[in-house]
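*Asks:* Sharing protein-v1.csv, CSV, C-alpha atoms:
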chain,number,residue,atom,x,y,z
A,7,MET,CA,-12.4,-21.1,-38.4
A,8,THR,CA,-15.1,-18.6,-37.6
A,9,ALA,CA,-17.2,-21.1,-35.7
A,10,LEU,CA,-14.1,-22.1,-33.6
A,11,ASN,CA,-13.4,-18.5,-32.8
A,12,SER,CA,-17.0,-17.9,-31.8
A,13,ARG,CA,-16.9,-21.0,-29.5
A,14,ARG,CA,-13.7,-19.7,-27.9
A,15,LEU,CA,-15.4,-16.3,-27.4
A,16,ASP,CA,-18.4,-17.9,-25.7
A,17,LEU,CA,-16.1,-19.9,-23.4
A,18,THR,CA,-14.3,-16.8,-22.5
A,19,ARG,CA,-17.5,-15.0,-21.7
A,20,TRP,CA,-18.7,-17.9,-19.5
A,21,ALA,CA,-15.3,-18.0,-17.7
A,22,THR,CA,-15.6,-14.3,-16.8
A,23,TRP,CA,-18.9,-14.7,-15.1
A,24,PRO,CA,-17.6,-16.2,-11.8
A,25,ALA,CA,-15.1,-13.3,-11.5
A,26,ALA,CA,-17.7,-10.7,-12.3
A,27,LEU,CA,-20.1,-12.2,-9.8
A,28,TRP,CA,-17.5,-12.3,-7.1
A,29,THR,CA,-16.5,-8.7,-7.7
A,30,GLY,CA,-20.1,-7.6,-7.7
A,31,LEU,CA,-21.0,-9.4,-4.5
A,32,PHE,CA,-17.9,-8.7,-2.4
A,33,PHE,CA,-16.8,-5.3,-3.8
A,34,LEU,CA,-19.4,-3.4,-5.7
A,35,LEU,CA,-22.4,-4.2,-3.5
A,36,PRO,CA,-20.6,-3.4,-0.2
A,37,LEU,CA,-19.3,-0.2,-1.7
A,38,LEU,CA,-22.8,0.8,-2.8
A,39,ILE,CA,-24.2,0.0,0.6
A,40,MET,CA,-21.5,2.0,2.3
A,41,MET,CA,-22.2,4.9,0.0
A,42,ALA,CA,-25.9,4.8,0.8
A,43,VAL,CA,-25.2,4.6,4.5
A,44,SER,CA,-22.9,7.7,4.3
A,45,PHE,CA,-25.8,9.8,3.0
A,46,SER,CA,-28.1,8.6,5.8
A,47,ALA,CA,-29.0,10.6,8.9
A,48,ARG,CA,-28.5,9.6,12.5
A,49,VAL,CA,-31.4,10.5,14.8
A,50,ASP,CA,-31.6,9.4,18.4
A,51,ASN,CA,-28.7,6.9,17.9
A,52,ARG,CA,-30.6,5.3,15.0
A,53,MET,CA,-30.0,5.4,11.3
A,54,LEU,CA,-32.7,7.2,9.3
A,55,ALA,CA,-32.9,6.4,5.6
A,56,VAL,CA,-33.1,10.0,4.3
A,57,PHE,CA,-30.7,11.7,1.9
A,58,THR,CA,-28.4,14.2,3.7
A,59,LEU,CA,-24.9,15.6,3.4
A,60,ASP,CA,-24.6,16.2,7.2
A,61,ASN,CA,-22.0,13.4,7.6
A,62,TYR,CA,-19.7,14.9,5.0
A,63,ALA,CA,-20.2,18.4,6.4
A,64,ALA,CA,-19.3,17.1,9.9
A,65,PHE,CA,-16.2,15.5,8.5
A,66,PHE,CA,-14.9,19.0,7.5
A,67,THR,CA,-16.2,21.0,10.5
A,68,GLN,CA,-16.6,18.7,13.5
A,69,GLY,CA,-14.1,19.0,16.3
A,70,GLY,CA,-12.3,21.9,14.8
A,71,GLY,CA,-11.2,19.9,11.7
A,72,VAL,CA,-9.9,16.9,13.6
A,73,TYR,CA,-10.9,14.5,10.9
A,74,VAL,CA,-9.4,16.7,8.2
A,75,ALA,CA,-6.2,16.7,10.2
A,76,ALA,CA,-6.4,12.9,10.5
A,77,LEU,CA,-6.7,12.6,6.7
A,78,ALA,CA,-3.7,14.9,6.3
A,79,ASN,CA,-1.7,12.8,8.7
A,80,SER,CA,-2.6,9.7,6.8
A,81,VAL,CA,-1.6,11.2,3.5
A,82,GLU,CA,1.7,12.5,4.9
A,83,VAL,CA,2.6,9.2,6.5
A,84,THR,CA,1.7,7.2,3.4
A,85,LEU,CA,3.7,9.5,1.1
A,86,ILE,CA,6.7,9.2,3.4
A,87,VAL,CA,6.4,5.4,3.6
A,88,THR,CA,6.0,5.1,-0.2
A,89,LEU,CA,9.1,7.3,-0.9
A,90,VAL,CA,11.3,5.6,1.7
A,91,SER,CA,10.2,2.1,0.6
A,92,LEU,CA,10.9,3.0,-3.0
A,93,ALA,CA,14.4,4.4,-2.2
A,94,VAL,CA,15.3,1.2,-0.4
A,95,ALA,CA,13.5,-1.3,-2.8
A,96,TYR,CA,14.8,0.0,-6.1
A,97,PRO,CA,18.5,-0.5,-5.4
A,98,LEU,CA,17.7,-3.9,-3.9
A,99,ALA,CA,15.7,-5.0,-6.9
A,100,TYR,CA,18.4,-3.6,-9.3
A,101,ILE,CA,21.1,-5.6,-7.5
A,102,LEU,CA,19.0,-8.7,-7.5
A,103,ALA,CA,18.2,-8.4,-11.2
A,104,TYR,CA,21.6,-7.4,-12.6
A,105,GLY,CA,24.2,-8.1,-9.8
A,106,VAL,CA,23.2,-11.6,-8.7
A,107,PRO,CA,23.8,-14.7,-10.8
A,108,ALA,CA,20.5,-16.2,-12.2
A,109,ARG,CA,21.0,-19.4,-10.2
A,110,TRP,CA,20.9,-17.5,-6.9
A,111,GLN,CA,18.0,-15.1,-7.7
A,112,ARG,CA,15.3,-17.6,-6.8
A,113,LEU,CA,16.8,-18.3,-3.5
A,114,LEU,CA,17.1,-14.6,-2.7
A,115,LEU,CA,13.5,-14.1,-3.8
A,116,VAL,CA,12.4,-16.7,-1.3
A,117,VAL,CA,14.4,-15.0,1.4
A,118,ILE,CA,12.8,-11.7,0.6
A,119,VAL,CA,9.3,-13.3,0.7
A,120,LEU,CA,9.9,-15.0,4.0
A,121,PRO,CA,8.7,-12.1,6.2
A,122,PHE,CA,5.3,-12.3,4.4
A,123,TRP,CA,4.8,-15.7,6.1
A,124,THR,CA,4.8,-14.0,9.5
A,125,SER,CA,1.6,-12.5,10.8
A,126,TYR,CA,1.2,-8.8,10.2
A,127,VAL,CA,0.2,-8.2,13.8
A,128,ILE,CA,3.2,-10.2,15.1
A,129,ARG,CA,5.6,-8.1,13.0
A,130,SER,CA,4.1,-4.9,14.4
A,131,TYR,CA,4.3,-6.1,18.0
A,132,SER,CA,7.9,-7.2,17.4
A,133,TRP,CA,8.9,-3.7,16.2
A,134,LEU,CA,7.2,-2.3,19.3
A,135,LEU,CA,9.3,-4.5,21.5
A,136,VAL,CA,12.5,-3.5,19.6
A,137,LEU,CA,11.6,0.2,19.9
A,138,SER,CA,10.4,0.2,23.5
A,139,GLU,CA,12.4,1.8,26.3
A,140,LYS,CA,13.8,-1.6,27.3
A,141,GLY,CA,14.2,-2.7,23.7
A,142,VAL,CA,17.3,-3.7,21.8
A,143,ILE,CA,18.0,-0.3,20.3
A,144,ASN,CA,17.8,1.5,23.7
A,145,GLN,CA,19.9,-1.1,25.4
A,146,VAL,CA,22.6,-0.9,22.8
A,147,MET,CA,22.6,2.9,23.0
A,148,LEU,CA,22.8,2.9,26.8
A,149,ALA,CA,25.6,0.3,26.7
A,150,LEU,CA,27.6,2.5,24.3
A,151,GLY,CA,27.1,5.5,26.4
A,152,LEU,CA,25.2,7.5,23.7
A,153,PHE,CA,22.4,8.2,26.1
A,154,ASP,CA,22.0,8.5,29.9
A,155,GLN,CA,18.4,7.2,29.9
A,156,PRO,CA,16.1,5.4,27.4
A,157,ILE,CA,14.4,7.4,24.8
A,158,GLY,CA,10.9,6.9,23.5
A,159,LEU,CA,11.1,5.4,20.1
A,160,GLY,CA,7.7,3.6,20.1
A,161,ASN,CA,4.3,5.3,19.8
A,162,THR,CA,5.6,7.8,17.3
A,163,ARG,CA,5.2,8.6,13.7
A,164,GLY,CA,8.7,7.3,13.1
A,165,ALA,CA,7.8,3.9,14.5
A,166,THR,CA,4.7,3.7,12.3
A,167,VAL,CA,6.8,4.6,9.2
A,168,LEU,CA,9.5,2.1,10.1
A,169,GLY,CA,6.9,-0.7,10.5
A,170,PHE,CA,5.3,0.1,7.2
A,171,VAL,CA,8.6,0.4,5.4
A,172,HIS,CA,9.7,-3.0,6.7
A,173,PHE,CA,6.7,-4.6,5.1
A,174,PHE,CA,6.3,-2.6,1.9
A,175,THR,CA,9.9,-2.6,0.9
A,176,MET,CA,9.6,-6.3,0.1
A,177,LEU,CA,6.4,-5.7,-1.9
A,178,LEU,CA,8.1,-3.0,-4.0
A,179,THR,CA,11.2,-5.0,-4.5
A,180,LEU,CA,9.2,-7.9,-6.0
A,181,THR,CA,7.2,-5.6,-8.4
A,182,ILE,CA,10.3,-3.7,-9.5
A,183,TYR,CA,12.4,-6.8,-9.9
A,184,ALA,CA,9.6,-8.5,-12.0
A,185,ASN,CA,9.8,-5.4,-14.4
A,186,LEU,CA,13.6,-5.2,-14.5
A,187,VAL,CA,14.1,-8.8,-15.6
A,188,GLN,CA,11.7,-8.2,-18.5
A,189,ILE,CA,13.9,-5.5,-20.0
A,190,LYS,CA,15.9,-7.0,-22.8
A,191,GLU,CA,19.6,-7.1,-22.2
A,192,SER,CA,20.1,-6.1,-25.9
A,193,TYR,CA,18.7,-2.6,-25.2
A,194,ARG,CA,21.3,-2.0,-22.5
A,195,LYS,CA,24.1,-3.5,-24.6
A,196,ALA,CA,23.2,-1.5,-27.6
A,197,ALA,CA,23.2,1.8,-25.6
A,198,ALA,CA,26.7,0.8,-24.2
A,199,ASP,CA,28.0,0.0,-27.7
A,200,LEU,CA,26.8,3.5,-28.8
A,201,GLY,CA,29.0,5.1,-26.2
A,202,ALA,CA,26.6,5.5,-23.3
A,203,SER,CA,28.1,5.4,-19.8
A,204,PRO,CA,26.6,3.1,-17.2
A,205,LEU,CA,24.8,6.1,-15.7
A,206,GLN,CA,23.4,7.1,-19.0
A,207,VAL,CA,22.2,3.5,-19.7
A,208,PHE,CA,20.4,3.5,-16.4
A,209,LEU,CA,18.8,7.0,-16.8
A,210,ARG,CA,17.8,6.5,-20.5
A,211,ILE,CA,17.1,2.8,-20.7
A,212,THR,CA,16.6,1.0,-17.5
A,213,LEU,CA,14.8,3.6,-15.4
A,214,PRO,CA,12.2,4.6,-18.0
A,215,LEU,CA,11.4,1.0,-18.9
A,216,SER,CA,11.1,0.1,-15.2
A,217,LEU,CA,8.6,2.8,-14.4
A,218,PRO,CA,5.6,0.5,-14.8
A,219,GLY,CA,6.9,-1.7,-12.0
A,220,VAL,CA,7.7,1.3,-9.9
A,221,ALA,CA,4.2,2.8,-10.4
A,222,VAL,CA,2.4,-0.5,-9.7
A,223,GLY,CA,4.4,-1.1,-6.5
A,224,ALA,CA,4.1,2.5,-5.3
A,225,PHE,CA,0.3,2.5,-5.9
A,226,LEU,CA,-0.1,-0.8,-4.0
A,227,THR,CA,2.0,0.6,-1.2
A,228,PHE,CA,-0.1,3.8,-1.1
A,229,VAL,CA,-3.4,1.9,-1.1
A,230,LEU,CA,-2.4,-0.6,1.6
A,231,ALA,CA,-0.7,1.9,3.8
A,232,ILE,CA,-3.3,4.7,3.8
A,233,GLY,CA,-6.0,2.2,4.7
A,234,ASP,CA,-4.1,0.3,7.3
A,235,TYR,CA,-5.3,0.4,10.9
A,236,ILE,CA,-3.2,-2.2,12.7
A,237,THR,CA,0.3,-0.7,12.4
A,238,PRO,CA,-0.6,2.9,13.3
A,239,GLN,CA,-2.6,1.6,16.3
A,240,ILE,CA,0.2,-0.6,17.6
A,241,LEU,CA,3.3,1.4,16.7
A,242,GLY,CA,1.9,4.9,16.6
A,243,GLY,CA,-0.3,4.7,19.7
A,244,SER,CA,-2.7,7.6,20.3
A,245,ARG,CA,-0.3,10.5,19.9
A,246,GLU,CA,-1.2,11.1,16.3
A,247,LEU,CA,-4.6,10.2,14.9
A,248,LEU,CA,-4.8,8.7,11.4
A,249,LEU,CA,-8.0,8.4,9.4
A,250,PRO,CA,-8.4,4.6,9.7
A,251,GLN,CA,-8.1,5.0,13.4
A,252,ALA,CA,-10.8,7.7,13.4
A,253,ILE,CA,-13.1,5.4,11.4
A,254,MET,CA,-12.6,2.6,13.9
A,255,LEU,CA,-13.3,4.9,16.8
A,256,GLN,CA,-16.6,5.9,15.1
A,257,ILE,CA,-17.6,2.3,14.9
A,258,SER,CA,-16.2,0.8,18.2
A,259,ARG,CA,-17.1,3.7,20.6
A,260,GLN,CA,-20.1,5.4,19.0
A,261,ALA,CA,-21.5,2.8,16.6
A,262,ASN,CA,-21.9,5.7,14.2
A,263,PHE,CA,-21.8,3.8,11.0
A,264,GLU,CA,-23.1,6.8,9.0
A,265,MET,CA,-20.1,8.9,9.9
A,266,ALA,CA,-17.7,6.0,9.5
A,267,SER,CA,-19.1,5.4,6.0
A,268,ALA,CA,-18.7,9.0,5.0
A,269,MET,CA,-15.1,9.0,6.2
A,270,SER,CA,-14.4,5.8,4.3
A,271,MET,CA,-15.8,7.3,1.2
A,272,VAL,CA,-13.5,10.3,1.6
A,273,LEU,CA,-10.7,7.9,1.9
A,274,MET,CA,-11.8,6.1,-1.3
A,275,LEU,CA,-11.7,9.5,-3.1
A,276,VAL,CA,-8.1,10.0,-2.0
A,277,VAL,CA,-7.2,6.5,-3.3
A,278,SER,CA,-9.0,7.2,-6.6
A,279,ALA,CA,-7.0,10.5,-6.9
A,280,ALA,CA,-3.8,8.5,-6.3
A,281,PHE,CA,-4.9,6.0,-9.0
A,282,LEU,CA,-5.3,8.9,-11.5
A,283,VAL,CA,-1.8,10.0,-10.6
A,284,PHE,CA,-0.3,6.6,-11.2
A,285,ALA,CA,-2.6,5.6,-14.1
A,286,ARG,CA,-0.2,6.6,-16.8
A,287,HIS,CA,2.3,3.9,-15.7
A,288,LEU,CA,-0.1,1.3,-14.3
A,289,ARG,CA,0.3,-1.3,-17.0
A,290,MET,CA,0.2,-4.7,-15.3
A,291,GLU,CA,1.3,-6.5,-18.4
A,292,ARG,CA,4.7,-4.9,-18.0
A,293,VAL,CA,5.1,-6.2,-14.5
Show me, as structure tokens, the structure contained in the file I just sent.
*Replies:*
Amino acid sequence: MTALNSRRLDLTRWATWPAALWTGLFFLLPLLIMMAVSFSARVDNRMLAVFTLDNYAAFFTQGGGVYVAALANSVEVTLIVTLVSLAVAYPLAYILAYGVPARWQRLLLVVIVLPFWTSYVIRSYSWLLVLSEKGVINQVMLALGLFDQPIGLGNTRGATVLGFVHFFTMLLTLTIYANLVQIKESYRKAAADLGASPLQVFLRITLPLSLPGVAVGAFLTFVLAIGDYITPQILGGSRELLLPQAIMLQISRQANFEMASAMSMVLMLVVSAAFLVFARHLRMERV
């Protein structure tokens, strides 16, 4: 029996090598290279391999704090997107898990996943067309006499948030639903038998046990939204600069990879801080 367990352990170790190699080559190595570049100097439009903190100092001081403002905008937009998506996704997941017969749940899950099959860029441009001055919303408002002239709904923070919420609500719904269906029905029935009202059952049983799914979905939403460049660029325009846009400007217009790497590392620190906040409930085995 000991020899069999030892053989299984050896096979497990061999099976983990491809994943470890993949993670090292395509995540850890690029991260270390980016970190090294962020501490490099830029002299005469050329990278000089010397240790310096000038790039990080420039992040906080250059342009009157424009990069710090871009980081603040990114955090604000991401928090709004996460909270709004959660407010929409949790009731939807709850209804899907407890208010829909089991035979229809799979079909509804497919319907929820369908938007994922559409290109991310196409969805963003579709929202831009809907929110434009000649879009559907403005045309309906003009037809109803609510406004005398079209209003600018596109190229705003609200448009960016709307585009993000449209995508991440589906992601949050799936993670929360996966957690809700794992909660044993006997827990909820036992609480009801002991005299708990439906609201008390939800607050004391369902909600606490579903927090892992909420935390995982919220963390994924935060990470994907704060690092996204496409949606803010298409729907937000240039009225409000977010940090991913500032990073792309450093690369596309100035080819300043040192500064772009430093800004990316700052963004990584923000994501790491978010992970520490959600870490208490980030238990993937519960999702």
*Asks:* Determine, counting all atoms listed in the file, which protein, DNA and RNA residues have an atom within 12 Å of an atom of Tyr96 of chain A; residues of the same chain fewer than 6 positions away are not included. Present the result as a list in words.
*Replies:* Thr88, Leu89, Val90, Leu102, Ala103, Tyr104, Phe174, Thr175, Met176, Leu177, Leu178, Thr179, Leu180, Thr181, Ile182, Tyr183, Ala184, Asn185, Leu186, Thr212, Leu213, Ser216, Leu217, Gly219, Val220, Ala221, Gly223 and Ala224 of chain A
*Asks:* How many Å lie between atom CA of Ile39 of chain A and atom CA of Tyr126 of chain A, rounded to one decimal?
*Replies:*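 Between atom CA of Ile39 of chain A and atom CA of Tyr126 of chain A the gap is 28.5 Å.
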*Asks:* Figure out the distance between atom CA of Leu226 of chain A and atom CA of Ile211 of chain A, please, to one decimal in Å.
*Replies:*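 Spanning atom CA of Ile211 of chain A to atom CA of Leu226 of chain A is a straight-line distance of 24.2 Å.
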*Asks:* So which one's closest to Ile118 of chain A, A:Ala165, A:Ala99, A:Leu137, A:Ala78? Using all atoms listed in the file, please.
*Replies:*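 Under the stated criterion, the closest residue is A:Ala99.
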*Asks:* Do you know which residues lie at most 12 Å from (9.9, 5.6, 22.8), with coordinates as in the file and all atoms listed in the file counted, and could you write them as a PDB file with C-alpha atoms, keeping the file's coordinate frame?
*Replies:*
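Contents of out.pdb, as written:
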ATOM      1  CA  TRP A 133       8.900  -3.700  16.200  1.00  0.00           C
ATOM      2  CA  LEU A 134       7.200  -2.300  19.300  1.00  0.00           C
ATOM      3  CA  LEU A 135       9.300  -4.500  21.500  1.00  0.00           C
ATOM      4  CA  VAL A 136      12.500  -3.500  19.600  1.00  0.00           C
ATOM      5  CA  LEU A 137      11.600   0.200  19.900  1.00  0.00           C
ATOM      6  CA  SER A 138      10.400   0.200  23.500  1.00  0.00           C
ATOM      7  CA  GLU A 139      12.400   1.800  26.300  1.00  0.00           C
ATOM      8  CA  LYS A 140      13.800  -1.600  27.300  1.00  0.00           C
ATOM      9  CA  GLY A 141      14.200  -2.700  23.700  1.00  0.00           C
ATOM     10  CA  VAL A 142      17.300  -3.700  21.800  1.00  0.00           C
ATOM     11  CA  ILE A 143      18.000  -0.300  20.300  1.00  0.00           C
ATOM     12  CA  ASN A 144      17.800   1.500  23.700  1.00  0.00           C
ATOM     13  CA  GLN A 155      18.400   7.200  29.900  1.00  0.00           C
ATOM     14  CA  PRO A 156      16.100   5.400  27.400  1.00  0.00           C
ATOM     15  CA  ILE A 157      14.400   7.400  24.800  1.00  0.00           C
ATOM     16  CA  GLY A 158      10.900   6.900  23.500  1.00  0.00           C
ATOM     17  CA  LEU A 159      11.100   5.400  20.100  1.00  0.00           C
ATOM     18  CA  GLY A 160       7.700   3.600  20.100  1.00  0.00           C
ATOM     19  CA  ASN A 161       4.300   5.300  19.800  1.00  0.00           C
ATOM     20  CA  THR A 162       5.600   7.800  17.300  1.00  0.00           C
ATOM     21  CA  ARG A 163       5.200   8.600  13.700  1.00  0.00           C
ATOM     22  CA  GLY A 164       8.700   7.300  13.100  1.00  0.00           C
ATOM     23  CA  ALA A 165       7.800   3.900  14.500  1.00  0.00           C
ATOM     24  CA  THR A 166       4.700   3.700  12.300  1.00  0.00           C
ATOM     25  CA  LEU A 241       3.300   1.400  16.700  1.00  0.00           C
ATOM     26  CA  GLY A 242       1.900   4.900  16.600  1.00  0.00           C
ATOM     27  CA  GLY A 243      -0.300   4.700  19.700  1.00  0.00           C
ATOM     28  CA  ARG A 245      -0.300  10.500  19.900  1.00  0.00           C
TER      29      ARG A 245
END
*Asks:* Have a look at atom CA of Leu255 of chain A and atom CA of Gln68 of chain A and let me know their distance in Å, one decimal.
*Replies:*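 The value is 14.6 Å.
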*Asks:* Out of A:Ser44, A:Gln239, A:Gln260, A:Thr22, which residue has the shortest atom-to-atom distance to Phe65 of chain A when counting all atoms listed in the file?
*Replies:* A:Ser44
*Asks:* Counting only C-alpha atoms, figure out which residue out of A:Gln145, A:Ser91, A:Ser125, A:Ser46 gets nearest to Asp60 of chain A.
*Replies:*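 Ranking A:Gln145, A:Ser91, A:Ser125, A:Ser46 by distance to Asp60 of chain A, first place goes to A:Ser46.
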*Asks:* Which of these, A:Gln111, A:Leu148, A:Ala268, A:Ala285, has the shortest distance to Leu59 of chain A once you count only C-alpha atoms?
*Replies:*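 Smallest separation from Leu59 of chain A among the options: A:Ala268.
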*Asks:* In terms of the shortest atom-to-atom distance over only C-alpha atoms, which of A:Trp110, A:Glu264, A:Pro218, A:Phe33 is closest to Ala55 of chain A?
*Replies:*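 Among the listed residues, the smallest separation from Ala55 of chain A belongs to A:Glu264.
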*Asks:* What would segment 245-264 of chain A look like with N, CA, C and O atoms restored, written as a PDB file, in the coordinates of the input?
*Replies:*
ATOM      1  N   ARG A 245      -0.836   9.148  19.953  1.00  0.00           N
ATOM      2  CA  ARG A 245      -0.300  10.500  19.900  1.00  0.00           C
ATOM      3  C   ARG A 245      -0.691  11.219  18.620  1.00  0.00           C
ATOM      4  O   ARG A 245      -0.828  12.433  18.607  1.00  0.00           O
ATOM      5  N   GLU A 246      -0.861  10.480  17.538  1.00  0.00           N
ATOM      6  CA  GLU A 246      -1.200  11.100  16.300  1.00  0.00           C
ATOM      7  C   GLU A 246      -2.324  10.247  15.630  1.00  0.00           C
ATOM      8  O   GLU A 246      -2.167   9.054  15.395  1.00  0.00           O
ATOM      9  N   LEU A 247      -3.464  10.869  15.368  1.00  0.00           N
ATOM     10  CA  LEU A 247      -4.600  10.200  14.900  1.00  0.00           C
ATOM     11  C   LEU A 247      -4.576  10.111  13.337  1.00  0.00           C
ATOM     12  O   LEU A 247      -4.434  11.135  12.667  1.00  0.00           O
ATOM     13  N   LEU A 248      -4.674   8.899  12.791  1.00  0.00           N
ATOM     14  CA  LEU A 248      -4.800   8.700  11.400  1.00  0.00           C
ATOM     15  C   LEU A 248      -6.257   8.386  11.029  1.00  0.00           C
ATOM     16  O   LEU A 248      -7.029   7.964  11.895  1.00  0.00           O
ATOM     17  N   LEU A 249      -6.630   8.573   9.785  1.00  0.00           N
ATOM     18  CA  LEU A 249      -8.000   8.400   9.400  1.00  0.00           C
ATOM     19  C   LEU A 249      -8.588   7.026   9.652  1.00  0.00           C
ATOM     20  O   LEU A 249      -9.720   6.891  10.124  1.00  0.00           O
ATOM     21  N   PRO A 250      -7.857   5.944   9.329  1.00  0.00           N
ATOM     22  CA  PRO A 250      -8.400   4.600   9.700  1.00  0.00           C
ATOM     23  C   PRO A 250      -8.669   4.437  11.147  1.00  0.00           C
ATOM     24  O   PRO A 250      -9.647   3.785  11.525  1.00  0.00           O
ATOM     25  N   GLN A 251      -7.848   5.023  12.004  1.00  0.00           N
ATOM     26  CA  GLN A 251      -8.100   5.000  13.400  1.00  0.00           C
ATOM     27  C   GLN A 251      -9.358   5.740  13.792  1.00  0.00           C
ATOM     28  O   GLN A 251     -10.153   5.304  14.636  1.00  0.00           O
ATOM     29  N   ALA A 252      -9.546   6.904  13.166  1.00  0.00           N
ATOM     30  CA  ALA A 252     -10.800   7.700  13.400  1.00  0.00           C
ATOM     31  C   ALA A 252     -12.003   6.939  12.981  1.00  0.00           C
ATOM     32  O   ALA A 252     -13.050   6.990  13.650  1.00  0.00           O
ATOM     33  N   ILE A 253     -11.915   6.212  11.877  1.00  0.00           N
ATOM     34  CA  ILE A 253     -13.100   5.400  11.400  1.00  0.00           C
ATOM     35  C   ILE A 253     -13.385   4.313  12.409  1.00  0.00           C
ATOM     36  O   ILE A 253     -14.553   4.082  12.746  1.00  0.00           O
ATOM     37  N   MET A 254     -12.361   3.635  12.895  1.00  0.00           N
ATOM     38  CA  MET A 254     -12.600   2.600  13.900  1.00  0.00           C
ATOM     39  C   MET A 254     -13.170   3.122  15.178  1.00  0.00           C
ATOM     40  O   MET A 254     -13.994   2.473  15.829  1.00  0.00           O
ATOM     41  N   LEU A 255     -12.767   4.324  15.571  1.00  0.00           N
ATOM     42  CA  LEU A 255     -13.300   4.900  16.800  1.00  0.00           C
ATOM     43  C   LEU A 255     -14.805   5.232  16.593  1.00  0.00           C
ATOM     44  O   LEU A 255     -15.603   5.077  17.534  1.00  0.00           O
ATOM     45  N   GLN A 256     -15.194   5.661  15.415  1.00  0.00           N
ATOM     46  CA  GLN A 256     -16.600   5.900  15.100  1.00  0.00           C
ATOM     47  C   GLN A 256     -17.437   4.651  15.272  1.00  0.00           C
ATOM     48  O   GLN A 256     -18.581   4.681  15.737  1.00  0.00           O
ATOM     49  N   ILE A 257     -16.844   3.518  14.904  1.00  0.00           N
ATOM     50  CA  ILE A 257     -17.600   2.300  14.900  1.00  0.00           C
ATOM     51  C   ILE A 257     -17.561   1.635  16.334  1.00  0.00           C
ATOM     52  O   ILE A 257     -18.596   1.228  16.876  1.00  0.00           O
ATOM     53  N   SER A 258     -16.380   1.576  16.948  1.00  0.00           N
ATOM     54  CA  SER A 258     -16.200   0.800  18.200  1.00  0.00           C
ATOM     55  C   SER A 258     -16.784   1.609  19.414  1.00  0.00           C
ATOM     56  O   SER A 258     -17.321   1.007  20.336  1.00  0.00           O
ATOM     57  N   ARG A 259     -16.660   2.935  19.404  1.00  0.00           N
ATOM     58  CA  ARG A 259     -17.100   3.700  20.600  1.00  0.00           C
ATOM     59  C   ARG A 259     -18.447   4.352  20.439  1.00  0.00           C
ATOM     60  O   ARG A 259     -19.154   4.506  21.426  1.00  0.00           O
ATOM     61  N   GLN A 260     -18.836   4.716  19.215  1.00  0.00           N
ATOM     62  CA  GLN A 260     -20.100   5.400  19.000  1.00  0.00           C
ATOM     63  C   GLN A 260     -21.095   4.642  18.179  1.00  0.00           C
ATOM     64  O   GLN A 260     -22.256   5.045  18.091  1.00  0.00           O
ATOM     65  N   ALA A 261     -20.647   3.578  17.531  1.00  0.00           N
ATOM     66  CA  ALA A 261     -21.500   2.800  16.600  1.00  0.00           C
ATOM     67  C   ALA A 261     -22.129   3.726  15.565  1.00  0.00           C
ATOM     68  O   ALA A 261     -23.268   3.511  15.140  1.00  0.00           O
ATOM     69  N   ASN A 262     -21.374   4.743  15.179  1.00  0.00           N
ATOM     70  CA  ASN A 262     -21.900   5.700  14.200  1.00  0.00           C
ATOM     71  C   ASN A 262     -21.430   5.260  12.812  1.00  0.00           C
ATOM     72  O   ASN A 262     -20.444   5.744  12.243  1.00  0.00           O
ATOM     73  N   PHE A 263     -22.186   4.328  12.254  1.00  0.00           N
ATOM     74  CA  PHE A 263     -21.800   3.800  11.000  1.00  0.00           C
ATOM     75  C   PHE A 263     -22.008   4.772   9.830  1.00  0.00           C
ATOM     76  O   PHE A 263     -21.342   4.670   8.805  1.00  0.00           O
ATOM     77  N   GLU A 264     -22.904   5.738  10.025  1.00  0.00           N
ATOM     78  CA  GLU A 264     -23.100   6.800   9.000  1.00  0.00           C
ATOM     79  C   GLU A 264     -21.876   7.621   8.820  1.00  0.00           C
ATOM     80  O   GLU A 264     -21.404   7.839   7.699  1.00  0.00           O
TER      81      GLU A 264
END
